[in-house]
Amino acid sequence: MPAVSKGDGMRGLAVFISDIRNCKSKEAEIKRINKELANIRSKFKGDKALDGYSKKKYVCKLLFIFLLGHDIDFGHMEAVNLLSSNKYTEKQIGYLFISVLVNSNSDLIRLINNAIKNDLSSRNPTFMNLALHCIANVGSREMAEAFAADVPRILVAGDTMDSVKQSAALCLLRLNRTSPDLVPMGEWTARVVHLLNDQHLGVVTAATSLITTLAQKNPDDFKTSVSLAVARLSRIVTSASTDLQDYTYYFVAAPWLSVKLLRLLQCYPPPEDAAIRGRLTECLETILNKAQEPPKSKKVQHSNAKNAVLFEAISLIIHHDSEPTLLVRACNQLGQFLQHRETNLRYLALESMCTLASSEFSHEAVKTHIDTVINALKTERDVSVRQRAVDLLYAMCDRSNAKQIVAEMLSYLETADYSIREEIVLKVAILAEKYAVDYTWYVDTILNLIRIAGDYVSEEVWYRVIQIVINRDDVQGYAAKTVFEALQAPACHENLVKVGGYILGEFGNLIAGDPRSSPLVQFNLLHSKFHLCSVPTRALLLSAYIKFINLFPEVKGTIQEVLRSDSQLRNADVELQQRAVEYLRLSCIASTDILATVLEEMPPFPERESSILAKLKRKKGPGTVPDIEENRKERNANVNGGTNHTTTTPNAKTSPASFVGDLLAPAPPPTNRPRPVSSSSFLQTPLTPLPSQACAIPLAASAGTFYQVAAAASPDLLGLGSPSPLSSTPPALPPTAASLLIDVFSENSPGAAAAAAAAAAPIAVPAAPVADDNFSSITPESLHVADSILADVQEPTDKFVCKNNGVLYENQLLQIGLKCEYRQSLGRMYVFFGNKTSTQFLSFATSVVCQEPLASQLNVHPKPVDPTVDGGAQLQQIINIECVSDFVEAAVLNIQFRYGGILQNIAVKLPITLNKFFQPTEMISQDFFQRWKQLSAPQQEVQNIFKAKHSMDTEVTKAKIIGFGVALLDGVDPNPSNFVGAGVIHTKTTQVGCLLRLEPNTQAQMYRLTLRTSRDTVSQRLCDLLSDQF
Amino acid sequence: MIGGLFIYNHKGEVLISRVYRDDIGRNAVDAFRVNVIHARQQVRSPVNNIARTSFFHVKRSNIWLAAVTKQNVNAAMVFEFLYKMCDVMTAYFGKISEENIKNNFVLIYELLDEILDFGYPQNSETGALKTFITQQGIKSQHHTKEEQSQITSQVTGQIGWRREGIKYRRNELFLDVLESVNLLMSPQGQVLSAHVSGRVVMKSYLSGMPECKFGMNDKIIIDKQGKGGTTTTDEAGKSSGKQAIAIDDCTFHQCVRLSKFDTERSISFIPPDGEYELMRYRTTKDIILPFRVIPLVREVGRTKLEVKVVIKSNFKPSLLAQKIEVRIPTPLNTSGVQVICMKGKAKYKASENAIVWKIKRMAGMKESQISAEIELLPTNDKKKWARPPISMNFEVPFAPSGLKVRYLKVFEPKLNYSDHDVIKWVRYIGRSGIYETRC
């Protein structure tokens, strides 16, 4: 470096700067700057050549003025001239000006590049460094284009000085970050790795940064760096602190390099070579050991450097997640930091522990610190540390400590900062649900949550409570009681009113025996909150009232009075008005039977991922929620296997068939007052008023799910006839699902069956969104879940064996509904194609494919359909079926349409099974046994003994047998628990008589099914079909 | 209703803070500092709305005066009040500067308590205020009971601006007609906009409670009087039409009886003692433009600019204009200037990016010229120079609007002096406001 000459002090600059600093006002400053600018302009005029010193001085002044925030539009040329100076100071100022002020479209860029090139190729390391710094500081695409080739060359050249190498590595790193596409990987990449072995620690440090960035992009190219890095790390860690001289920082050996090497190692999995691995473990242990040593200095820099290395080592340990001892040691080390008086350390310790908690090896170790963490939550002054403590509590929570943690979080919630309250609410809700052993505890927790932080309880949370209460009958009575008590508080949050309204509406009967919560008291309690609530809540409460009418006929008068009042019947809100009008009419006109049918308890919800969890994930952004679910999936499966209400248990997707079984087997509620028994649980929804906007809503996926639930589950019951004495549908009549529905809507004219079928689906479908709004907790988040459930439906034949209606298929675009009628050997199938999107389907076409030998056994004639389906509209297709002879295969329905320009192809099996062509035959015991004996040839009888897949409920079984198509014969079998049926299968060519006998064994949970028909193929097929149903 | 009033120094430090209403919090002080005084971009609007709070500010040298309100107030009222406050402060302690404000802060708080009550402006007449808000040595206990009750009755009475029992040996009054003329002219000499805003300032040293009547050559007043008199309108027009001027709008001091002005167009009043502003007015028609500027700018290549400016005085040769200053803006890349002028002194002021040409005196109907050669530094910036207008400052001893004082009659029925005994002085001063010519 040239010696500083006498004039290099730049007094003029100092004077100018002090002038500016002394300015009293902005105006004065501007005046001074204008004066200086005019002076510099006159100097740069070009009359006389300026010497390098003054050029440098004026360029400095311009730079200063620019940095003060004023525009500079001259002087670039002079700065570029400085670049070619031979004096270090002048060159430096020139480069400084260029890196600060250069704009890429400047004409000077060529000159600048030229100057840089000259310096790069000069042998002077100082000049090379200046040029490299300038390239890195500007870092534009132009720079990258011009020097992407030169910089790597300098980096790996053998004769380059260490300091230049260092700069070159960092310059390359910068270019790689700004325009990675312009920096080609080449033969230099391999040589860069060897820089890790360089003698000069500065070069190693710079190279490590570069390699880390490159390795993140192309891990394979830099695999070799792992062993080198481990070697280098072990040398640093084991060296005495004095060995490294300049690179020892407050008694810590090369802390920056250590941290960088540890980061680099985090790009790769644990090394496979045992030797390297051992060495690395040794290093990490040494680092952990060093943390235990007494500090060599009291300076904060010493502990900072030491802790930086330690934390990086811990994150490497967590990243590798393979050495249990290390993990536990790391955890213990962090545990010490939890009580450190340095706030930053506490924060970092909590943060690292959060990730440690998700490792299976250290989870238990983390749990031992629960008291400290809870204490931190209570006493910590710094809000960000508290937040980390909440995160850690969430991460370390499992079944054993859930109650304690949830209680702590709840108590913290009362004092928590507003910004994080919602997050805590979600976390509490998730933990409470996930680790609930006792669901009364869950209900208490959530109600508490609503009480403490009602404003932060999102819809998802209370939806979820309802779902769980409805799906678990053991908690319903308790929930009703608790909610009732909670509602008695003078001021309660609207969310609580919602939950209360819903639960009392459904399960109010469970607590009605107690005179303190008699129906009238319940109603008055709910109604006292009515006026304080928003419109959606009021709508919900109205629905609860109509449910009360069903549950408690004695309050009917009171409720009708309320509904009749002007404030309801003439409410300005159209939704409330419509509800009031319709509920009032319904309560006046409908008989108790119909009321009981319509207002039946909600069916259980299908299991799905908790929408709360989805919300929390979305809120935190991807990747920030520690995926404890995934990490602990196995554990969850063991621990939570018993309850299928946890969020991510593998058996979340119950198959529709088992679902039906659940429905059909309602355990008698622990009630002291019987619920009015209804003939069916079909659709509460058609009676939910349809607000105009609800109809306009395109069939949301959520709606679809609901429809699937309602339509798939309930027609089953209808089709099978009903176990209840109230039912008046004789099994002999063709049992259509819609007939009951039509009862409610219109007269049950005999010819209405077809119309009813057409009407049923369109009504039920738009009704779904309404139901969703009010009485279902399905949210759009559950979309993908809905899909996964419905994927099962593609193999629909099982489901349709015992029923004739339902949803055949559904995806995000299309829903296919079915309704069939069969008489003797003929059948007619109504297929409804519902467009769930808001755009038109074009070139819509369907075809039915019958493979041989089916083609000769079954005639299927689809009627032609329109080629377009409007958004949200439904299309009906009639398919005529004729059974020629007995068959096994299923016909396939191919659907083709164009949505948004993309051709969609869907193939579904049509649920046409042999049993559809049954005609039931009534006969007395004597006849039955006579015929039974006639069909005694060995090939005519088929017997199957199988395990029950669903609960063995008598009524359900009866319903299924009737749904199968045969007549159920009472009093034939001497053993009353056995079922006996008879029927004739009509085909075009022949008729096949069929007798069956089903013997359940409740203790062994087994069935024995015996079938005798006149044809062996028929026996076999029918046996297969029916066995799958139980 | 003003919610609060703050005074800041140039650094944004609060010198005076007086909050009148609860809706203004302490944070309003900081809001103004952060968003206006320390704003990244210079704030030019005198009214700023920050977080639903309105800030009205005026600047006196380096001092910021800001009135704050959350309500929808009459902005003109607030500014009128702020100006009045400046006047009051000037009357009490002279120039408004940081030092003066710091030295007189007790007095300022006392004044603020008096001239604003719960945000409503009260009597801000300096003369009246000085009777009961006194400075330094003069303490209020010097007042006797009678004097105190007299002050009370005066301040709360009908004529709050004048106390009774004033006696002068010599009854004397001074009238100043102060006008500022604003002009924007095209390079070709076409008037793009011009107006005169004027004030009539009176300094009265009159005994007792004199009744005064002021007359001027306002067109309407003259027409009205012409109608009322024996001469016909036409004749009146002929006799006085030449001098009569059209006043666009005017405002009066509170002492003027507005009802009389509305019905008879006569300006009659009982004046306050000492100096005050009797009226303020504005005219836009038939303005006498004292100077004409003829610019000539020629760009010679990219690096040179030739400027020639001629000024012509356009008034009676017997009158003398003073303090003439012509400011010719120079381009931002000026690297050198040579100036030649016949009269006065011209200098290139780099700090202001302008050539400033000063002439001490200039008689009417004269002409003078300056020529300059400006050297430019070539820049890589393609922006063209915006050519700001040439501006001018001057002072002339006549009213450019043409306003003339016709009479000022004084009647004091109780004391024995008549109109003739009063010594009256009238003076006209015309100054330049924003007087610009495009080039």
# chains A, B, ... in the order shown; residues from 1 in each chain; ligands from 1
>>> residues_around(residues="Arg516 of chain A", least_positions_apart="6", cutoff="12 Å", atoms="only C-alpha atoms", output="JSON, numbers by chain")
{"A": [481, 484, 485, 488, 522, 525]}
>>> residues_around(residues="Val410 of chain B", least_positions_apart="6", cutoff="12 Å", atoms="only C-alpha atoms", output="list of chain:residue names")
B:Asn171, B:Glu172, B:Leu173, B:Ser204, B:Tyr205, B:Leu206, B:Ser207, B:Gly208, B:Met209, B:Pro210, B:Glu211, B:Cys212, B:Lys213, B:Phe214, B:Gly215, B:Ser268, B:Phe269, B:Ile270, B:Pro271, B:Asn416, B:Tyr417, B:Ser418, B:Asp419, B:His420, B:Asp421, B:Val422, B:Ile423, B:Lys424
>>> closest_atom_pairs(of="chain A", to="chain B", cutoff="9 Å", atoms="only C-alpha atoms", output="JSON lines")
{"residue": "A:Lys24", "atom": "CA", "partner": "B:His10", "partner_atom": "CA", "distance": 7.8}
{"residue": "A:Ser25", "atom": "CA", "partner": "B:His10", "partner_atom": "CA", "distance": 6.7}
{"residue": "A:Lys26", "atom": "CA", "partner": "B:His10", "partner_atom": "CA", "distance": 9.0}
{"residue": "A:Ile30", "atom": "CA", "partner": "B:Ser351", "partner_atom": "CA", "distance": 7.6}
{"residue": "A:Lys31", "atom": "CA", "partner": "B:Ser351", "partner_atom": "CA", "distance": 4.4}
{"residue": "A:Arg32", "atom": "CA", "partner": "B:Ser351", "partner_atom": "CA", "distance": 5.9}
{"residue": "A:Ile33", "atom": "CA", "partner": "B:Ser351", "partner_atom": "CA", "distance": 7.0}
{"residue": "A:Asn34", "atom": "CA", "partner": "B:Ser351", "partner_atom": "CA", "distance": 4.5}
{"residue": "A:Lys35", "atom": "CA", "partner": "B:Ser351", "partner_atom": "CA", "distance": 4.0}
{"residue": "A:Glu36", "atom": "CA", "partner": "B:Ser351", "partner_atom": "CA", "distance": 7.7}
{"residue": "A:Leu37", "atom": "CA", "partner": "B:Ala350", "partner_atom": "CA", "distance": 8.1}
{"residue": "A:Ala38", "atom": "CA", "partner": "B:Ala350", "partner_atom": "CA", "distance": 5.7}
{"residue": "A:Asn39", "atom": "CA", "partner": "B:Ser335", "partner_atom": "CA", "distance": 7.5}
{"residue": "A:Ile40", "atom": "CA", "partner": "B:Ser335", "partner_atom": "CA", "distance": 8.0}
{"residue": "A:Arg41", "atom": "CA", "partner": "B:Ser335", "partner_atom": "CA", "distance": 4.8}
{"residue": "A:Ser42", "atom": "CA", "partner": "B:Ser335", "partner_atom": "CA", "distance": 4.2}
{"residue": "A:Lys43", "atom": "CA", "partner": "B:Ser335", "partner_atom": "CA", "distance": 7.8}
{"residue": "A:Phe44", "atom": "CA", "partner": "B:Leu377", "partner_atom": "CA", "distance": 7.9}
{"residue": "A:Lys45", "atom": "CA", "partner": "B:Leu377", "partner_atom": "CA", "distance": 6.1}
{"residue": "A:Gly46", "atom": "CA", "partner": "B:Leu377", "partner_atom": "CA", "distance": 8.9}
{"residue": "A:Asp73", "atom": "CA", "partner": "B:Asp381", "partner_atom": "CA", "distance": 6.0}
{"residue": "A:Phe74", "atom": "CA", "partner": "B:Thr379", "partner_atom": "CA", "distance": 5.4}
{"residue": "A:Gly75", "atom": "CA", "partner": "B:Thr379", "partner_atom": "CA", "distance": 8.4}
{"residue": "A:His76", "atom": "CA", "partner": "B:Asn380", "partner_atom": "CA", "distance": 8.7}
{"residue": "A:Ser106", "atom": "CA", "partner": "B:Asn380", "partner_atom": "CA", "distance": 8.2}
{"residue": "A:Asp107", "atom": "CA", "partner": "B:Asn380", "partner_atom": "CA", "distance": 8.4}
>>> closest_residue(among="A:Val259, A:Ala157, A:Val300, A:Ala313", to="Thr205 of chain A", atoms="only C-alpha atoms")
A:Val259
>>> residues_around(residues="Ile328 of chain B", least_positions_apart="5", cutoff="9 Å", atoms="only C-alpha atoms", output="ChimeraX atom specification")
/B:307,309,353-357,388-392
>>> write_last_selection(atoms="all heavy atoms", output="short mmCIF file (atom, residue, chain, number, x, y, z; two decimals), in the first residue's frame")
data_model
loop_
_atom_site.label_atom_id
_atom_site.label_comp_id
_atom_site.auth_asym_id
_atom_site.auth_seq_id
_atom_site.Cartn_x
_atom_site.Cartn_y
_atom_site.Cartn_z
N VAL B 307 -28.34 34.51 -21.44
CA VAL B 307 -29.58 35.08 -20.87
C VAL B 307 -29.48 36.59 -20.92
O VAL B 307 -28.45 37.18 -20.58
CB VAL B 307 -29.75 34.63 -19.39
CG1 VAL B 307 -31.04 35.19 -18.82
CG2 VAL B 307 -29.73 33.12 -19.30
N VAL B 309 -31.97 39.90 -19.76
CA VAL B 309 -33.22 40.30 -19.13
C VAL B 309 -33.29 41.82 -19.09
O VAL B 309 -32.34 42.49 -18.67
CB VAL B 309 -33.31 39.73 -17.69
CG1 VAL B 309 -34.59 40.21 -17.01
CG2 VAL B 309 -33.27 38.22 -17.71
N ASN B 353 -28.76 28.61 -6.69
CA ASN B 353 -28.89 28.28 -8.10
C ASN B 353 -29.56 29.43 -8.86
O ASN B 353 -30.53 29.21 -9.59
CB ASN B 353 -29.69 26.99 -8.30
CG ASN B 353 -28.82 25.78 -8.06
OD1 ASN B 353 -27.64 25.77 -8.45
ND2 ASN B 353 -29.37 24.78 -7.42
N ALA B 354 -29.09 30.64 -8.66
CA ALA B 354 -29.72 31.77 -9.34
C ALA B 354 -28.72 32.93 -9.46
O ALA B 354 -27.76 33.04 -8.69
CB ALA B 354 -30.94 32.24 -8.54
N ILE B 355 -28.99 33.78 -10.45
CA ILE B 355 -28.27 35.04 -10.56
C ILE B 355 -29.14 36.09 -9.87
O ILE B 355 -30.34 36.20 -10.19
CB ILE B 355 -28.05 35.44 -12.02
CG1 ILE B 355 -27.20 34.37 -12.72
CG2 ILE B 355 -27.41 36.81 -12.12
CD1 ILE B 355 -27.19 34.51 -14.23
N VAL B 356 -28.59 36.78 -8.92
CA VAL B 356 -29.38 37.79 -8.20
C VAL B 356 -28.85 39.18 -8.58
O VAL B 356 -27.66 39.47 -8.45
CB VAL B 356 -29.27 37.57 -6.68
CG1 VAL B 356 -30.07 38.63 -5.95
CG2 VAL B 356 -29.76 36.19 -6.32
N TRP B 357 -29.79 39.98 -9.07
CA TRP B 357 -29.44 41.33 -9.57
C TRP B 357 -30.14 42.34 -8.69
O TRP B 357 -31.38 42.30 -8.59
CB TRP B 357 -29.88 41.43 -11.04
CG TRP B 357 -29.67 42.76 -11.67
CD1 TRP B 357 -28.75 43.71 -11.36
CD2 TRP B 357 -30.42 43.28 -12.78
NE1 TRP B 357 -28.84 44.78 -12.18
CE2 TRP B 357 -29.87 44.55 -13.08
CE3 TRP B 357 -31.47 42.80 -13.56
CZ2 TRP B 357 -30.37 45.35 -14.11
CZ3 TRP B 357 -31.95 43.59 -14.58
CH2 TRP B 357 -31.39 44.87 -14.86
N PRO B 388 -37.39 27.51 -14.51
CA PRO B 388 -38.28 28.17 -13.56
C PRO B 388 -38.42 29.66 -13.90
O PRO B 388 -37.56 30.22 -14.56
CB PRO B 388 -37.58 27.99 -12.21
CG PRO B 388 -36.41 27.12 -12.45
CD PRO B 388 -36.14 27.08 -13.90
N PRO B 389 -39.51 30.30 -13.48
CA PRO B 389 -39.72 31.71 -13.84
C PRO B 389 -38.73 32.66 -13.15
O PRO B 389 -38.18 32.33 -12.09
CB PRO B 389 -41.15 31.99 -13.37
CG PRO B 389 -41.44 30.95 -12.36
CD PRO B 389 -40.63 29.76 -12.71
N ILE B 390 -38.55 33.81 -13.78
CA ILE B 390 -37.72 34.86 -13.19
C ILE B 390 -38.59 35.62 -12.20
O ILE B 390 -39.71 36.04 -12.54
CB ILE B 390 -37.21 35.82 -14.29
CG1 ILE B 390 -36.29 35.04 -15.22
CG2 ILE B 390 -36.52 37.03 -13.69
CD1 ILE B 390 -35.92 35.81 -16.48
N SER B 391 -38.10 35.77 -10.98
CA SER B 391 -38.94 36.45 -10.00
C SER B 391 -38.31 37.79 -9.63
O SER B 391 -37.13 38.03 -9.88
CB SER B 391 -39.13 35.58 -8.77
OG SER B 391 -37.89 35.32 -8.18
N MET B 392 -39.12 38.63 -9.00
CA MET B 392 -38.68 39.99 -8.77
C MET B 392 -39.22 40.51 -7.44
O MET B 392 -40.33 40.17 -7.02
CB MET B 392 -39.25 40.85 -9.92
CG MET B 392 -38.52 42.14 -10.07
SD MET B 392 -39.12 43.06 -11.44
CE MET B 392 -38.36 44.59 -10.98
#
>>> select_by_dssp(residues="segment 64-189 of chain B", states="strand (DSSP E or B)", output="list in words")
Trp64, Leu65, Ala66, Ala67, Val68, Thr69, Leu116, Asp117, Tyr120, Pro121, Glu172, Leu173, Phe174, Leu175, Asp176, Val177, Leu178, Glu179, Ser180, Val181, Asn182, Leu183, Leu184 and Met185 of chain B
>>> residues_around(residues="Cys134 of chain A", least_positions_apart="6", cutoff="9 Å", atoms="only C-alpha atoms", output="PyMOL selection string")
chain A and resi 95-96+98-99+116+171
>>> write_last_selection(atoms="N, CA, C and O atoms", output="compact mmCIF listing (two decimals), in the first residue's frame")
# COMPACT_ATOMS: atom_id res chain seq x y z
N TYR A 95 -13.75 3.06 -6.66
CA TYR A 95 -14.58 1.85 -6.55
C TYR A 95 -15.76 2.07 -5.62
O TYR A 95 -16.87 1.58 -5.87
N LEU A 96 -15.51 2.82 -4.56
CA LEU A 96 -16.59 3.11 -3.62
C LEU A 96 -17.73 3.84 -4.33
O LEU A 96 -18.91 3.46 -4.23
N ILE A 98 -18.35 3.97 -7.50
CA ILE A 98 -18.99 3.11 -8.52
C ILE A 98 -19.95 2.14 -7.85
O ILE A 98 -21.09 1.96 -8.29
N SER A 99 -19.51 1.52 -6.74
CA SER A 99 -20.42 0.51 -6.15
C SER A 99 -21.64 1.15 -5.54
O SER A 99 -22.68 0.51 -5.46
N ILE A 116 -12.15 -2.87 -14.15
CA ILE A 116 -12.16 -4.02 -13.22
C ILE A 116 -11.33 -5.16 -13.79
O ILE A 116 -10.54 -5.80 -13.08
N CYS A 171 -16.99 -13.23 -3.26
CA CYS A 171 -17.55 -12.59 -4.45
C CYS A 171 -18.38 -13.61 -5.24
O CYS A 171 -19.48 -13.32 -5.70
>>> closest_residue(among="B:Ile101, B:Leu289, B:Leu305, B:Val300", to="Leu184 of chain B", atoms="only C-alpha atoms")
B:Leu289
>>> atom_distance(atom1="atom CA of Asn524 of chain A", atom2="atom CA of Leu569 of chain A")
19.0 Å
>>> atom_distance(atom1="atom CA of Ser843 of chain A", atom2="atom CA of Arg898 of chain A")
6.0 Å
>>> residues_around(residues="segment 46-53 of chain B", least_positions_apart="3", cutoff="9 Å", atoms="only C-alpha atoms", output="PDB file with N, CA, C and O atoms, in the first residue's frame")
ATOM      1  N   ILE B  24     -57.580  15.320  22.318  1.00  0.00           N
ATOM      2  CA  ILE B  24     -56.204  15.414  21.834  1.00  0.00           C
ATOM      3  C   ILE B  24     -55.270  14.842  22.897  1.00  0.00           C
ATOM      4  O   ILE B  24     -55.245  15.322  24.018  1.00  0.00           O
ATOM      5  N   ALA B  28     -50.337  13.294  19.924  1.00  0.00           N
ATOM      6  CA  ALA B  28     -50.540  14.190  18.789  1.00  0.00           C
ATOM      7  C   ALA B  28     -49.290  15.039  18.561  1.00  0.00           C
ATOM      8  O   ALA B  28     -48.923  15.341  17.433  1.00  0.00           O
ATOM      9  N   ALA B  31     -46.976  12.946  16.642  1.00  0.00           N
ATOM     10  CA  ALA B  31     -47.490  12.659  15.306  1.00  0.00           C
ATOM     11  C   ALA B  31     -47.124  13.792  14.351  1.00  0.00           C
ATOM     12  O   ALA B  31     -46.678  13.559  13.226  1.00  0.00           O
ATOM     13  N   PHE B  32     -47.273  15.026  14.816  1.00  0.00           N
ATOM     14  CA  PHE B  32     -46.962  16.158  13.938  1.00  0.00           C
ATOM     15  C   PHE B  32     -45.466  16.228  13.677  1.00  0.00           C
ATOM     16  O   PHE B  32     -45.033  16.449  12.551  1.00  0.00           O
ATOM     17  N   ASN B  35     -44.581  13.286  11.274  1.00  0.00           N
ATOM     18  CA  ASN B  35     -45.172  13.274   9.944  1.00  0.00           C
ATOM     19  C   ASN B  35     -45.028  14.573   9.169  1.00  0.00           C
ATOM     20  O   ASN B  35     -45.232  14.590   7.965  1.00  0.00           O
ATOM     21  N   VAL B  36     -44.744  15.661   9.849  1.00  0.00           N
ATOM     22  CA  VAL B  36     -44.628  16.934   9.141  1.00  0.00           C
ATOM     23  C   VAL B  36     -43.225  17.514   9.261  1.00  0.00           C
ATOM     24  O   VAL B  36     -42.539  17.703   8.266  1.00  0.00           O
ATOM     25  N   VAL B  43     -43.209  18.714   3.598  1.00  0.00           N
ATOM     26  CA  VAL B  43     -44.663  18.840   3.608  1.00  0.00           C
ATOM     27  C   VAL B  43     -45.019  20.273   3.253  1.00  0.00           C
ATOM     28  O   VAL B  43     -44.574  21.209   3.899  1.00  0.00           O
ATOM     29  N   PHE B  56     -53.101  22.137  11.672  1.00  0.00           N
ATOM     30  CA  PHE B  56     -52.976  23.354  10.870  1.00  0.00           C
ATOM     31  C   PHE B  56     -51.702  24.030  11.328  1.00  0.00           C
ATOM     32  O   PHE B  56     -51.543  24.279  12.523  1.00  0.00           O
ATOM     33  N   HIS B  57     -50.802  24.280  10.409  1.00  0.00           N
ATOM     34  CA  HIS B  57     -49.592  24.901  10.902  1.00  0.00           C
ATOM     35  C   HIS B  57     -49.191  26.115  10.090  1.00  0.00           C
ATOM     36  O   HIS B  57     -49.517  26.240   8.907  1.00  0.00           O
ATOM     37  N   VAL B  58     -48.512  27.022  10.759  1.00  0.00           N
ATOM     38  CA  VAL B  58     -47.858  28.134  10.069  1.00  0.00           C
ATOM     39  C   VAL B  58     -46.423  28.126  10.575  1.00  0.00           C
ATOM     40  O   VAL B  58     -46.110  27.589  11.634  1.00  0.00           O
ATOM     41  N   VAL B  68     -54.272  21.920  16.549  1.00  0.00           N
ATOM     42  CA  VAL B  68     -54.698  20.539  16.356  1.00  0.00           C
ATOM     43  C   VAL B  68     -56.173  20.422  16.679  1.00  0.00           C
ATOM     44  O   VAL B  68     -56.648  21.029  17.642  1.00  0.00           O
ATOM     45  N   THR B  69     -56.884  19.638  15.897  1.00  0.00           N
ATOM     46  CA  THR B  69     -58.279  19.386  16.242  1.00  0.00           C
ATOM     47  C   THR B  69     -58.711  18.058  15.682  1.00  0.00           C
ATOM     48  O   THR B  69     -58.152  17.565  14.715  1.00  0.00           O
ATOM     49  N   LYS B  70     -59.686  17.472  16.343  1.00  0.00           N
ATOM     50  CA  LYS B  70     -60.271  16.236  15.824  1.00  0.00           C
ATOM     51  C   LYS B  70     -61.603  16.538  15.151  1.00  0.00           C
ATOM     52  O   LYS B  70     -62.211  15.644  14.573  1.00  0.00           O
ATOM     53  N   GLN B  71     -62.065  17.769  15.295  1.00  0.00           N
ATOM     54  CA  GLN B  71     -63.368  18.071  14.741  1.00  0.00           C
ATOM     55  C   GLN B  71     -63.254  18.716  13.375  1.00  0.00           C
ATOM     56  O   GLN B  71     -62.153  19.049  12.933  1.00  0.00           O
ATOM     57  N   ALA B  75     -61.313  25.898   8.602  1.00  0.00           N
ATOM     58  CA  ALA B  75     -59.862  26.014   8.489  1.00  0.00           C
ATOM     59  C   ALA B  75     -59.441  27.477   8.442  1.00  0.00           C
ATOM     60  O   ALA B  75     -58.435  27.868   9.037  1.00  0.00           O
TER      61      ALA B  75
END
>>> atom_distance(atom1="atom CA of Thr189 of chain A", atom2="atom CA of Gln266 of chain A")
19.5 Å
>>> residues_around(residues="Phe833 of chain A", least_positions_apart="4", cutoff="7 Å", atoms="only C-alpha atoms", output="ChimeraX atom specification")
/A:814-817,874-876
>>> residues_around(residues="Leu265 of chain A", least_positions_apart="4", cutoff="9 Å", atoms="only C-alpha atoms", output="list in words")
Thr212, Ser225, Val226, Ala229, Val230, Lys260, Leu261, Pro269, Pro270 and Leu316 of chain A
>>> write_last_selection(atoms="N, CA, C and O atoms", output="short mmCIF file (atom, residue, chain, number, x, y, z; two decimals), in the first residue's frame")
data_model
loop_
_atom_site.label_atom_id
_atom_site.label_comp_id
_atom_site.auth_asym_id
_atom_site.auth_seq_id
_atom_site.Cartn_x
_atom_site.Cartn_y
_atom_site.Cartn_z
N THR A 212 -21.33 -24.15 1.38
CA THR A 212 -22.65 -24.40 1.97
C THR A 212 -23.75 -23.99 1.01
O THR A 212 -24.70 -24.75 0.78
N SER A 225 -17.14 -32.87 0.53
CA SER A 225 -16.82 -31.85 1.52
C SER A 225 -17.09 -32.33 2.94
O SER A 225 -16.53 -31.78 3.89
N VAL A 226 -17.95 -33.35 3.09
CA VAL A 226 -18.32 -33.77 4.44
C VAL A 226 -17.10 -34.25 5.22
O VAL A 226 -16.82 -33.78 6.32
N ALA A 229 -14.80 -31.44 5.96
CA ALA A 229 -15.35 -30.54 6.98
C ALA A 229 -15.20 -31.17 8.36
O ALA A 229 -14.82 -30.49 9.32
N VAL A 230 -15.48 -32.47 8.45
CA VAL A 230 -15.37 -33.14 9.75
C VAL A 230 -13.92 -33.09 10.22
O VAL A 230 -13.63 -32.77 11.38
N LYS A 260 -19.81 -22.32 10.71
CA LYS A 260 -20.06 -22.53 9.28
C LYS A 260 -19.88 -23.99 8.90
O LYS A 260 -20.65 -24.53 8.10
N LEU A 261 -18.88 -24.63 9.46
CA LEU A 261 -18.68 -26.04 9.15
C LEU A 261 -19.87 -26.87 9.64
O LEU A 261 -20.35 -27.77 8.95
N PRO A 269 -26.95 -35.89 5.32
CA PRO A 269 -27.31 -36.85 6.37
C PRO A 269 -26.05 -37.28 7.13
O PRO A 269 -24.94 -36.96 6.69
N PRO A 270 -26.22 -37.96 8.22
CA PRO A 270 -25.04 -38.40 8.97
C PRO A 270 -24.10 -39.18 8.06
O PRO A 270 -24.56 -39.97 7.24
N LEU A 316 -27.11 -29.44 14.61
CA LEU A 316 -26.61 -30.55 13.79
C LEU A 316 -27.05 -31.89 14.39
O LEU A 316 -27.47 -32.80 13.67
#
